[in-house]
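Shown below: target-v3.csv, with CSV, C-alpha atoms.
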```csv
chain,number,residue,atom,x,y,z
A,1,MET,CA,1.9,5.2,-19.7
A,2,LEU,CA,-1.0,7.7,-19.7
A,3,ALA,CA,0.3,11.3,-19.7
A,4,LYS,CA,-1.5,14.0,-17.7
A,5,GLY,CA,-4.5,15.2,-19.6
A,6,GLY,CA,-4.4,12.1,-21.8
A,7,ASN,CA,-7.3,9.7,-22.2
A,8,ARG,CA,-8.0,6.2,-23.4
A,9,VAL,CA,-11.1,4.3,-24.6
A,10,LEU,CA,-12.1,1.5,-22.2
A,11,SER,CA,-13.5,-1.9,-23.1
A,12,GLY,CA,-16.8,-1.3,-21.4
A,13,GLY,CA,-16.4,-4.1,-18.9
A,14,ARG,CA,-15.5,-3.8,-15.2
A,15,VAL,CA,-12.6,-1.5,-14.3
A,16,GLU,CA,-10.4,-1.5,-11.2
A,17,VAL,CA,-8.4,1.7,-10.3
A,18,HIS,CA,-5.5,1.1,-7.9
A,19,LEU,CA,-3.7,4.1,-6.4
A,20,GLY,CA,-0.6,4.4,-4.2
A,21,LEU,CA,2.4,6.6,-3.5
A,22,LEU,CA,5.8,5.7,-5.1
A,23,ASN,CA,7.6,7.1,-2.0
A,24,GLY,CA,5.3,7.3,0.9
A,25,PRO,CA,2.5,5.6,2.9
A,26,LEU,CA,-0.8,4.6,1.3
A,27,PRO,CA,-3.2,7.6,1.1
A,28,GLN,CA,-6.9,7.4,1.8
A,29,LEU,CA,-8.9,6.6,-1.3
A,30,PHE,CA,-12.5,7.4,-2.2
A,31,ALA,CA,-14.6,8.1,-5.3
A,32,VAL,CA,-17.1,10.8,-6.3
A,33,CYS,CA,-19.9,10.2,-8.9
A,34,LEU,CA,-20.8,13.5,-10.7
A,35,ASP,CA,-23.5,14.6,-13.1
A,36,ASP,CA,-22.8,16.3,-16.5
A,37,THR,CA,-22.4,19.6,-14.7
A,38,GLY,CA,-19.7,18.3,-12.5
A,39,ARG,CA,-21.9,18.3,-9.3
A,40,LEU,CA,-22.6,15.7,-6.7
A,41,ARG,CA,-26.3,14.8,-6.8
A,42,ALA,CA,-26.7,13.1,-3.4
A,43,GLY,CA,-24.6,11.8,-0.4
A,44,PRO,CA,-24.4,8.2,-1.6
A,45,ASP,CA,-22.7,9.3,-4.8
A,46,LEU,CA,-19.6,10.0,-2.6
A,47,VAL,CA,-18.2,6.5,-2.0
A,48,VAL,CA,-15.7,5.7,0.8
A,49,PRO,CA,-13.9,2.4,1.6
A,50,SER,CA,-16.2,-0.6,2.0
A,51,GLU,CA,-19.2,1.3,0.6
A,52,ARG,CA,-21.1,1.4,-2.7
A,53,SER,CA,-22.6,4.1,-4.7
A,54,ALA,CA,-26.4,4.4,-4.8
A,55,ASP,CA,-26.7,2.4,-8.1
A,56,GLY,CA,-24.2,-0.2,-6.8
A,57,ALA,CA,-21.9,0.3,-9.8
A,58,VAL,CA,-19.0,1.9,-7.8
A,59,GLU,CA,-17.3,0.6,-4.7
A,60,VAL,CA,-14.1,1.2,-2.8
A,61,VAL,CA,-12.6,-2.0,-1.5
A,62,ASP,CA,-9.2,-3.6,-0.9
A,63,GLY,CA,-7.4,-0.3,-1.8
A,64,ALA,CA,-9.1,0.1,-5.2
A,65,VAL,CA,-12.0,1.8,-6.8
A,66,ARG,CA,-14.1,-0.9,-8.7
A,67,ILE,CA,-16.5,0.4,-11.4
A,68,ASP,CA,-19.0,-1.5,-13.5
A,69,PRO,CA,-19.8,1.0,-16.3
A,70,THR,CA,-22.9,-1.1,-17.4
A,71,ARG,CA,-24.6,-0.4,-14.1
A,72,VAL,CA,-23.7,3.3,-13.7
A,73,ASP,CA,-26.9,5.4,-13.3
A,74,PRO,CA,-27.7,7.4,-16.5
A,75,GLY,CA,-27.5,10.6,-14.5
A,76,ILE,CA,-23.8,10.0,-13.7
A,77,ALA,CA,-21.4,11.4,-16.3
A,78,ARG,CA,-18.1,11.1,-14.4
A,79,VAL,CA,-16.6,8.8,-11.7
A,80,VAL,CA,-13.5,10.4,-10.2
A,81,ALA,CA,-10.9,8.5,-8.1
A,82,VAL,CA,-9.6,10.8,-5.3
A,83,VAL,CA,-6.8,10.3,-2.8
A,84,SER,CA,-6.2,12.3,0.4
A,85,ALA,CA,-3.0,12.6,2.4
A,86,GLY,CA,-4.3,14.7,5.3
A,87,ASP,CA,-2.1,17.4,6.8
A,88,ARG,CA,1.1,15.8,5.5
A,89,GLY,CA,0.2,16.6,1.9
A,90,PHE,CA,1.6,15.2,-1.3
A,91,ALA,CA,4.7,17.5,-1.6
A,92,GLY,CA,7.7,15.6,-2.9
A,93,THR,CA,5.7,12.4,-3.7
A,94,GLU,CA,4.3,10.8,-6.8
A,95,ILE,CA,0.9,9.1,-7.1
A,96,ARG,CA,0.9,5.9,-9.2
A,97,THR,CA,-2.4,4.9,-10.7
A,98,VAL,CA,-3.0,1.5,-12.3
A,99,VAL,CA,-6.2,1.1,-14.2
A,100,ARG,CA,-7.0,-2.6,-14.9
A,101,ASP,CA,-9.4,-2.9,-17.9
A,102,ASP,CA,-10.2,-6.3,-19.4
A,103,GLY,CA,-6.7,-7.7,-18.7
A,104,GLU,CA,-4.9,-4.5,-19.8
A,105,GLU,CA,-3.1,-2.2,-17.3
A,106,ILE,CA,-3.1,1.5,-17.9
A,107,VAL,CA,-0.5,3.4,-15.8
A,108,ALA,CA,-0.6,7.1,-14.9
A,109,VAL,CA,1.9,8.8,-12.6
A,110,SER,CA,1.0,12.2,-11.1
A,111,SER,CA,3.8,14.4,-9.6
A,112,GLY,CA,4.9,18.0,-9.1
A,113,PHE,CA,2.8,18.6,-6.1
A,114,SER,CA,3.5,21.4,-3.6
A,115,ALA,CA,0.8,22.2,-1.0
A,116,GLU,CA,-1.9,19.7,-2.2
A,117,THR,CA,-3.5,17.6,0.5
A,118,LEU,CA,-6.2,16.0,-1.8
A,119,VAL,CA,-5.8,15.0,-5.4
A,120,MET,CA,-8.2,13.9,-8.2
A,121,ALA,CA,-6.0,11.2,-9.8
A,122,VAL,CA,-8.1,9.9,-12.8
A,123,GLU,CA,-11.7,9.9,-13.9
A,124,LEU,CA,-13.9,7.6,-16.0
A,125,TYR,CA,-16.3,9.6,-18.2
A,126,ARG,CA,-19.0,9.0,-20.8
A,127,HIS,CA,-18.2,9.9,-24.4
A,128,GLN,CA,-20.6,9.1,-27.2
A,129,ASP,CA,-22.0,6.1,-25.5
A,130,ARG,CA,-18.5,4.8,-24.6
A,131,TRP,CA,-16.4,5.1,-21.4
A,132,LYS,CA,-13.0,6.7,-21.4
A,133,ILE,CA,-10.3,7.1,-18.7
A,134,ARG,CA,-8.6,10.5,-18.3
A,135,HIS,CA,-5.5,11.3,-16.3
A,136,LEU,CA,-6.2,14.3,-14.1
A,137,GLY,CA,-3.5,14.7,-11.5
A,138,GLU,CA,-5.1,17.8,-10.1
A,139,GLY,CA,-5.4,18.7,-6.4
A,140,TYR,CA,-6.5,21.1,-3.6
A,141,ALA,CA,-4.3,22.6,-0.9
A,142,ASN,CA,-7.4,23.0,1.3
A,143,GLY,CA,-8.4,19.3,0.9
A,144,ILE,CA,-12.0,18.2,1.1
A,145,VAL,CA,-13.1,21.8,1.5
A,146,GLY,CA,-11.9,22.7,-2.0
A,147,LEU,CA,-13.4,19.6,-3.6
A,148,ALA,CA,-16.7,20.2,-1.8
A,149,HIS,CA,-16.9,23.7,-3.1
A,150,ASP,CA,-16.4,22.6,-6.7
A,151,ILE,CA,-18.9,19.6,-6.6
A,152,GLY,CA,-21.6,21.2,-4.5
A,153,LEU,CA,-21.0,19.2,-1.3
A,154,SER,CA,-22.2,21.1,1.8
A,155,LEU,CA,-19.9,20.6,4.9
A,156,PRO,CA,-21.5,20.9,8.3
A,157,THR,CA,-20.2,23.6,10.7
A,158,PRO,CA,-19.5,22.7,14.3
A,159,PRO,CA,-21.9,24.5,16.7
A,160,ASP,CA,-19.2,26.2,18.8
A,161,PRO,CA,-17.6,29.0,16.7
A,162,GLY,CA,-14.8,29.3,19.3
A,163,HIS,CA,-13.3,26.0,18.1
A,164,GLY,CA,-13.0,26.8,14.4
A,165,SER,CA,-15.2,25.8,11.5
A,166,ALA,CA,-15.4,23.0,8.9
A,167,ASP,CA,-13.7,25.3,6.4
A,168,GLU,CA,-10.5,24.8,8.4
A,169,THR,CA,-10.6,21.0,8.0
A,170,THR,CA,-8.0,19.5,5.7
A,171,GLY,CA,-7.9,16.0,7.1
A,172,SER,CA,-7.9,12.8,5.0
A,173,ALA,CA,-11.5,11.7,5.9
A,174,PRO,CA,-14.1,13.1,3.5
A,175,ASP,CA,-17.1,14.6,5.3
A,176,PHE,CA,-20.5,13.5,4.2
A,177,GLY,CA,-22.5,16.6,4.0
A,178,ARG,CA,-25.4,17.0,1.6
A,179,PRO,CA,-25.4,18.7,-1.8
A,180,SER,CA,-25.6,22.4,-1.5
A,181,THR,CA,-29.1,22.5,-3.1
A,182,PRO,CA,-31.5,21.9,-0.2
A,183,GLY,CA,-33.3,18.5,-0.5
A,184,PRO,CA,-36.9,17.7,0.5
A,185,THR,CA,-35.9,17.2,4.2
A,186,GLY,CA,-33.6,20.2,4.4
A,187,ALA,CA,-34.5,23.3,6.4
A,188,PRO,CA,-32.9,26.7,5.5
A,189,ALA,CA,-30.9,28.4,8.2
A,190,PRO,CA,-32.6,31.4,9.8
A,191,THR,CA,-31.3,34.7,8.6
A,192,GLY,CA,-32.6,36.9,11.4
A,193,GLY,CA,-35.6,37.6,13.7
A,194,ASP,CA,-36.9,34.8,15.8
A,195,GLU,CA,-34.0,32.3,16.3
A,196,SER,CA,-36.1,29.6,18.0
A,197,LEU,CA,-36.3,26.3,16.2
A,198,SER,CA,-39.7,25.0,15.0
A,199,PRO,CA,-40.6,21.4,15.9
A,200,GLY,CA,-40.0,20.3,12.3
A,201,SER,CA,-36.5,21.8,12.4
A,202,ARG,CA,-35.8,20.1,15.7
A,203,ILE,CA,-36.8,16.7,14.2
A,204,ALA,CA,-34.8,17.3,11.1
A,205,GLY,CA,-31.8,18.3,13.2
A,206,VAL,CA,-32.1,15.2,15.4
A,207,LEU,CA,-32.4,12.9,12.4
A,208,MET,CA,-29.4,14.5,10.7
A,209,GLY,CA,-27.3,14.4,13.8
A,210,LEU,CA,-28.2,10.8,14.5
A,211,ALA,CA,-27.3,9.8,10.9
A,212,ILE,CA,-23.9,11.5,11.3
A,213,LEU,CA,-23.3,10.0,14.7
A,214,LEU,CA,-24.2,6.4,13.6
A,215,PHE,CA,-22.4,6.6,10.3
A,216,PHE,CA,-19.0,8.0,11.5
A,217,GLY,CA,-19.3,6.0,14.8
A,218,ALA,CA,-19.6,2.8,12.7
A,219,LEU,CA,-16.6,3.9,10.6
A,220,ALA,CA,-14.6,4.6,13.8
A,221,LEU,CA,-15.4,1.1,15.1
A,222,ILE,CA,-14.3,-0.4,11.8
A,223,SER,CA,-11.0,1.5,12.3
A,224,LEU,CA,-10.3,0.0,15.7
A,225,PRO,CA,-7.2,-2.2,15.7
A,226,GLU,CA,-7.9,-5.9,15.3
A,227,SER,CA,-7.1,-8.3,18.1
A,228,GLY,CA,-3.6,-9.8,18.2
A,229,ASP,CA,-4.9,-13.2,17.1
A,230,SER,CA,-6.0,-11.8,13.8
A,231,GLY,CA,-2.4,-11.4,12.5
A,232,VAL,CA,-1.0,-8.9,10.1
A,233,LYS,CA,-3.1,-8.4,7.0
A,234,CYS,CA,-2.0,-7.5,3.5
A,235,GLY,CA,-5.3,-6.6,1.8
A,236,THR,CA,-7.6,-9.5,2.8
A,237,GLU,CA,-4.8,-12.0,3.4
A,238,VAL,CA,-3.0,-12.7,6.7
A,239,MET,CA,0.8,-12.5,6.3
A,240,ASP,CA,3.2,-15.2,7.6
A,241,ALA,CA,6.5,-14.1,9.2
A,242,ASP,CA,8.5,-14.4,5.9
A,243,ASP,CA,5.8,-12.9,3.6
A,244,VAL,CA,6.2,-9.7,1.6
A,245,CYS,CA,3.1,-7.5,1.0
A,246,VAL,CA,3.1,-6.2,-2.6
A,247,THR,CA,1.0,-3.1,-3.6
A,248,ASP,CA,0.5,-2.3,-7.2
A,249,HIS,CA,3.5,-4.5,-8.2
A,250,THR,CA,5.9,-1.8,-6.9
A,251,LEU,CA,5.4,-1.1,-3.2
A,252,ARG,CA,6.8,-4.0,-1.1
A,253,HIS,CA,6.6,-4.3,2.6
A,254,THR,CA,7.8,-6.9,5.1
A,255,ARG,CA,5.4,-8.2,7.8
A,256,ASP,CA,6.7,-5.7,10.4
A,257,GLU,CA,6.5,-2.8,7.9
A,258,GLN,CA,3.0,-3.8,7.0
A,259,ALA,CA,2.0,-4.0,10.7
A,260,ASP,CA,3.2,-0.4,11.2
A,261,ILE,CA,1.3,0.7,8.1
A,262,ASN,CA,-1.9,-1.0,9.4
A,263,GLU,CA,-1.5,0.6,12.8
A,264,ARG,CA,-1.1,4.0,11.3
A,265,GLY,CA,-4.2,3.5,9.2
A,266,ASP,CA,-6.2,2.4,12.3
A,267,PHE,CA,-5.1,5.5,14.2
A,268,LEU,CA,-5.8,7.8,11.3
A,269,GLY,CA,-9.3,6.3,11.0
A,270,LEU,CA,-10.0,6.9,14.7
A,271,PHE,CA,-8.5,10.4,14.6
A,272,CYS,CA,-10.7,11.4,11.7
A,273,PHE,CA,-14.0,9.6,12.4
A,274,VAL,CA,-14.4,10.0,16.1
A,275,PRO,CA,-14.5,13.9,16.0
A,276,LEU,CA,-17.0,13.7,13.1
A,277,ALA,CA,-19.2,11.3,15.1
A,278,LEU,CA,-19.1,13.9,18.0
A,279,VAL,CA,-20.3,16.5,15.6
A,280,GLY,CA,-23.4,14.4,15.1
A,281,ALA,CA,-23.9,14.3,18.9
A,282,ALA,CA,-23.5,18.0,19.1
A,283,ILE,CA,-26.1,18.5,16.4
A,284,ILE,CA,-28.5,16.3,18.3
A,285,TYR,CA,-27.9,18.2,21.5
A,286,GLY,CA,-28.4,21.6,19.8
A,287,SER,CA,-31.7,20.3,18.3
A,288,VAL,CA,-33.2,19.0,21.5
A,289,LYS,CA,-32.1,21.6,24.1
A,290,LYS,CA,-34.6,24.2,25.1
A,291,ASP,CA,-34.4,27.7,23.7
A,292,PRO,CA,-33.6,30.5,26.3
A,293,ASP,CA,-36.5,32.4,27.7
```

Take the structure in this file and express it as structure tokens.
Amino acid sequence: MLAKGGNRVLSGGRVEVHLGLLNGPLPQLFAVCLDDTGRLRAGPDLVVPSERSADGAVEVVDGAVRIDPTRVDPGIARVVAVVSAGDRGFAGTEIRTVVRDDGEEIVAVSSGFSAETLVMAVELYRHQDRWKIRHLGEGYANGIVGLAHDIGLSLPTPPDPGHGSADETTGSAPDFGRPSTPGPTGAPAPTGGDESLSPGSRIAGVLMGLAILLFFGALALISLPESGDSGVKCGTEVMDADDVCVTDHTLRHTRDEQADINERGDFLGLFCFVPLALVGAAIIYGSVKKDPD
């Protein structure tokens, strides 16, 4: 058992990090790849399910973060496994992390949460040309907003201030903004004077909105419930009537229970990703509409 704050040297081979709740539904899992200052370098370094990092070394698949330390970009110093519970939070629950390294299993249990809705469970980090695993168990009450502030991830603000801002979002789906340092295609927001958009700003806005719309629209489609003929899935396997779905050797679900869990996951994906896709559409609309005379 790896205590909170404790660390362990890894073998250097591929590592799998599995996370789950000991007494609750499966949370949403993703990973962030940070530089030696603890900042996110670019959007692809924030990895969501079924995606890979820019260097291809980190992916989130089948409810686990898979990491190949030999392929991690030299500019990446830390890979953090993050879980989000949305508005329900982690109060009264325990997060069980199982790190599989060259046949060995390292277990870490995080508990004592109150208002946290997003938790950094464990991290892999470089130390004198070797990789170690550290048990973090630290979280944010304001979810992705708190994490984004610490790692330099810029969250987009909806165009209509009457309907709140991105700072009020604590949902389970991470929002793919860009790092807070403007990139080569970024355009600084106007601070006063002439508020009309230049042609370059309009093009940049349309491209950014289109990227958000397509990305989160695709994730929403992936979250659509599968047809009845596809059966109830446990990971990548289809369950028979008398099967039991086992998660991390501790969480066991019957076929009906797993069907309910899958349906909740599908609904949560639609609930999170469809509004974010609409934000992209709103950005496109705001970029192409004519300025008032």

Exercise for the section: Find the residues around Leu46 of chain A up to 9 Å (only C-alpha atoms counted), leave out those fewer than 6 positions away in its own chain, and share them as a PyMOL selection string. Expected result: chain A and resi 30-34+40+52-53+174+176

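If only C-alpha atoms are the atoms counted, then among A:Gly152, A:Gly205, A:Gly86, A:Gly217 the closest residue to Tyr285 of chain A is A:Gly205.
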
Problem - Surrounding residues of Leu207 of chain A excluding itself and chain neighbours under 3 positions, 10 Å, only C-alpha atoms, as a PyMOL selection string - result: chain A and resi 185+201-204+210-213+280+283-284+287

Handout entry: Nearest candidate to Val122 of chain A (options A:Asn142, A:Ser11, A:Ser50, A:Thr97; using only C-alpha atoms)
Key = A:Thr97

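Shortest separation to Val58 of chain A among A:Thr37, A:Leu26, A:Ala91, A:Val17 occurs at residue A:Val17, atoms counted being only C-alpha atoms.
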
What would segment 32-61 of chain A look like with N, CA and C atoms in place, written as a PDB file, in the frame of the given file?
```
ATOM      1  N   VAL A  32     -15.932   9.923  -6.231  1.00  0.00           N
ATOM      2  CA  VAL A  32     -17.100  10.800  -6.300  1.00  0.00           C
ATOM      3  C   VAL A  32     -17.756  10.560  -7.700  1.00  0.00           C
ATOM      4  N   CYS A  33     -19.077  10.405  -7.706  1.00  0.00           N
ATOM      5  CA  CYS A  33     -19.900  10.200  -8.900  1.00  0.00           C
ATOM      6  C   CYS A  33     -20.578  11.517  -9.228  1.00  0.00           C
ATOM      7  N   LEU A  34     -20.278  12.131 -10.374  1.00  0.00           N
ATOM      8  CA  LEU A  34     -20.800  13.500 -10.700  1.00  0.00           C
ATOM      9  C   LEU A  34     -21.678  13.457 -11.899  1.00  0.00           C
ATOM     10  N   ASP A  35     -22.591  14.425 -11.954  1.00  0.00           N
ATOM     11  CA  ASP A  35     -23.500  14.600 -13.100  1.00  0.00           C
ATOM     12  C   ASP A  35     -22.747  15.314 -14.230  1.00  0.00           C
ATOM     13  N   ASP A  36     -23.473  15.624 -15.317  1.00  0.00           N
ATOM     14  CA  ASP A  36     -22.800  16.300 -16.500  1.00  0.00           C
ATOM     15  C   ASP A  36     -22.444  17.705 -16.218  1.00  0.00           C
ATOM     16  N   THR A  37     -22.847  18.273 -15.073  1.00  0.00           N
ATOM     17  CA  THR A  37     -22.400  19.600 -14.700  1.00  0.00           C
ATOM     18  C   THR A  37     -21.243  19.592 -13.735  1.00  0.00           C
ATOM     19  N   GLY A  38     -20.779  18.391 -13.393  1.00  0.00           N
ATOM     20  CA  GLY A  38     -19.700  18.300 -12.500  1.00  0.00           C
ATOM     21  C   GLY A  38     -20.081  18.400 -11.003  1.00  0.00           C
ATOM     22  N   ARG A  39     -21.357  18.168 -10.706  1.00  0.00           N
ATOM     23  CA  ARG A  39     -21.900  18.300  -9.300  1.00  0.00           C
ATOM     24  C   ARG A  39     -22.266  16.985  -8.747  1.00  0.00           C
ATOM     25  N   LEU A  40     -22.201  16.930  -7.424  1.00  0.00           N
ATOM     26  CA  LEU A  40     -22.600  15.700  -6.700  1.00  0.00           C
ATOM     27  C   LEU A  40     -24.146  15.806  -6.506  1.00  0.00           C
ATOM     28  N   ARG A  41     -24.857  14.750  -6.879  1.00  0.00           N
ATOM     29  CA  ARG A  41     -26.300  14.800  -6.800  1.00  0.00           C
ATOM     30  C   ARG A  41     -26.821  14.489  -5.379  1.00  0.00           C
ATOM     31  N   ALA A  42     -26.193  13.545  -4.677  1.00  0.00           N
ATOM     32  CA  ALA A  42     -26.700  13.100  -3.400  1.00  0.00           C
ATOM     33  C   ALA A  42     -25.483  12.502  -2.609  1.00  0.00           C
ATOM     34  N   GLY A  43     -25.628  12.397  -1.268  1.00  0.00           N
ATOM     35  CA  GLY A  43     -24.600  11.800  -0.400  1.00  0.00           C
ATOM     36  C   GLY A  43     -24.066  10.489  -0.860  1.00  0.00           C
ATOM     37  N   PRO A  44     -24.938   9.516  -1.236  1.00  0.00           N
ATOM     38  CA  PRO A  44     -24.400   8.200  -1.600  1.00  0.00           C
ATOM     39  C   PRO A  44     -23.559   8.184  -2.869  1.00  0.00           C
ATOM     40  N   ASP A  45     -23.530   9.287  -3.626  1.00  0.00           N
ATOM     41  CA  ASP A  45     -22.700   9.300  -4.800  1.00  0.00           C
ATOM     42  C   ASP A  45     -21.218   9.675  -4.418  1.00  0.00           C
ATOM     43  N   LEU A  46     -20.952   9.894  -3.126  1.00  0.00           N
ATOM     44  CA  LEU A  46     -19.600  10.000  -2.600  1.00  0.00           C
ATOM     45  C   LEU A  46     -19.282   8.704  -1.896  1.00  0.00           C
ATOM     46  N   VAL A  47     -18.346   7.929  -2.435  1.00  0.00           N
ATOM     47  CA  VAL A  47     -18.200   6.500  -2.000  1.00  0.00           C
ATOM     48  C   VAL A  47     -16.829   6.412  -1.235  1.00  0.00           C
ATOM     49  N   VAL A  48     -16.907   5.939  -0.001  1.00  0.00           N
ATOM     50  CA  VAL A  48     -15.700   5.700   0.800  1.00  0.00           C
ATOM     51  C   VAL A  48     -15.434   4.229   0.921  1.00  0.00           C
ATOM     52  N   PRO A  49     -14.271   3.861   1.514  1.00  0.00           N
ATOM     53  CA  PRO A  49     -13.900   2.400   1.600  1.00  0.00           C
ATOM     54  C   PRO A  49     -15.026   1.578   2.202  1.00  0.00           C
ATOM     55  N   SER A  50     -15.230   0.408   1.595  1.00  0.00           N
ATOM     56  CA  SER A  50     -16.200  -0.600   2.000  1.00  0.00           C
ATOM     57  C   SER A  50     -17.655  -0.147   1.781  1.00  0.00           C
ATOM     58  N   GLU A  51     -17.851   0.878   0.956  1.00  0.00           N
ATOM     59  CA  GLU A  51     -19.200   1.300   0.600  1.00  0.00           C
ATOM     60  C   GLU A  51     -19.408   1.274  -0.886  1.00  0.00           C
ATOM     61  N   ARG A  52     -20.690   1.336  -1.292  1.00  0.00           N
ATOM     62  CA  ARG A  52     -21.100   1.400  -2.700  1.00  0.00           C
ATOM     63  C   ARG A  52     -21.837   2.632  -3.019  1.00  0.00           C
ATOM     64  N   SER A  53     -21.830   3.013  -4.293  1.00  0.00           N
ATOM     65  CA  SER A  53     -22.600   4.100  -4.700  1.00  0.00           C
ATOM     66  C   SER A  53     -24.118   3.725  -4.706  1.00  0.00           C
ATOM     67  N   ALA A  54     -25.008   4.705  -4.872  1.00  0.00           N
ATOM     68  CA  ALA A  54     -26.400   4.400  -4.800  1.00  0.00           C
ATOM     69  C   ALA A  54     -26.879   3.399  -5.830  1.00  0.00           C
ATOM     70  N   ASP A  55     -26.278   3.399  -7.014  1.00  0.00           N
ATOM     71  CA  ASP A  55     -26.700   2.400  -8.100  1.00  0.00           C
ATOM     72  C   ASP A  55     -25.912   1.116  -7.941  1.00  0.00           C
ATOM     73  N   GLY A  56     -24.979   1.006  -6.998  1.00  0.00           N
ATOM     74  CA  GLY A  56     -24.200  -0.200  -6.800  1.00  0.00           C
ATOM     75  C   GLY A  56     -23.115  -0.443  -7.817  1.00  0.00           C
ATOM     76  N   ALA A  57     -22.874   0.539  -8.695  1.00  0.00           N
ATOM     77  CA  ALA A  57     -21.900   0.300  -9.800  1.00  0.00           C
ATOM     78  C   ALA A  57     -20.483   0.703  -9.330  1.00  0.00           C
ATOM     79  N   VAL A  58     -20.333   1.481  -8.258  1.00  0.00           N
ATOM     80  CA  VAL A  58     -19.000   1.900  -7.800  1.00  0.00           C
ATOM     81  C   VAL A  58     -18.817   1.544  -6.366  1.00  0.00           C
ATOM     82  N   GLU A  59     -17.674   0.948  -6.062  1.00  0.00           N
ATOM     83  CA  GLU A  59     -17.300   0.600  -4.700  1.00  0.00           C
ATOM     84  C   GLU A  59     -15.843   0.819  -4.462  1.00  0.00           C
ATOM     85  N   VAL A  60     -15.485   1.076  -3.208  1.00  0.00           N
ATOM     86  CA  VAL A  60     -14.100   1.200  -2.800  1.00  0.00           C
ATOM     87  C   VAL A  60     -13.768   0.102  -1.851  1.00  0.00           C
ATOM     88  N   VAL A  61     -12.912  -0.825  -2.283  1.00  0.00           N
ATOM     89  CA  VAL A  61     -12.600  -2.000  -1.500  1.00  0.00           C
ATOM     90  C   VAL A  61     -11.215  -2.491  -1.781  1.00  0.00           C
TER      91      VAL A  61
END
```
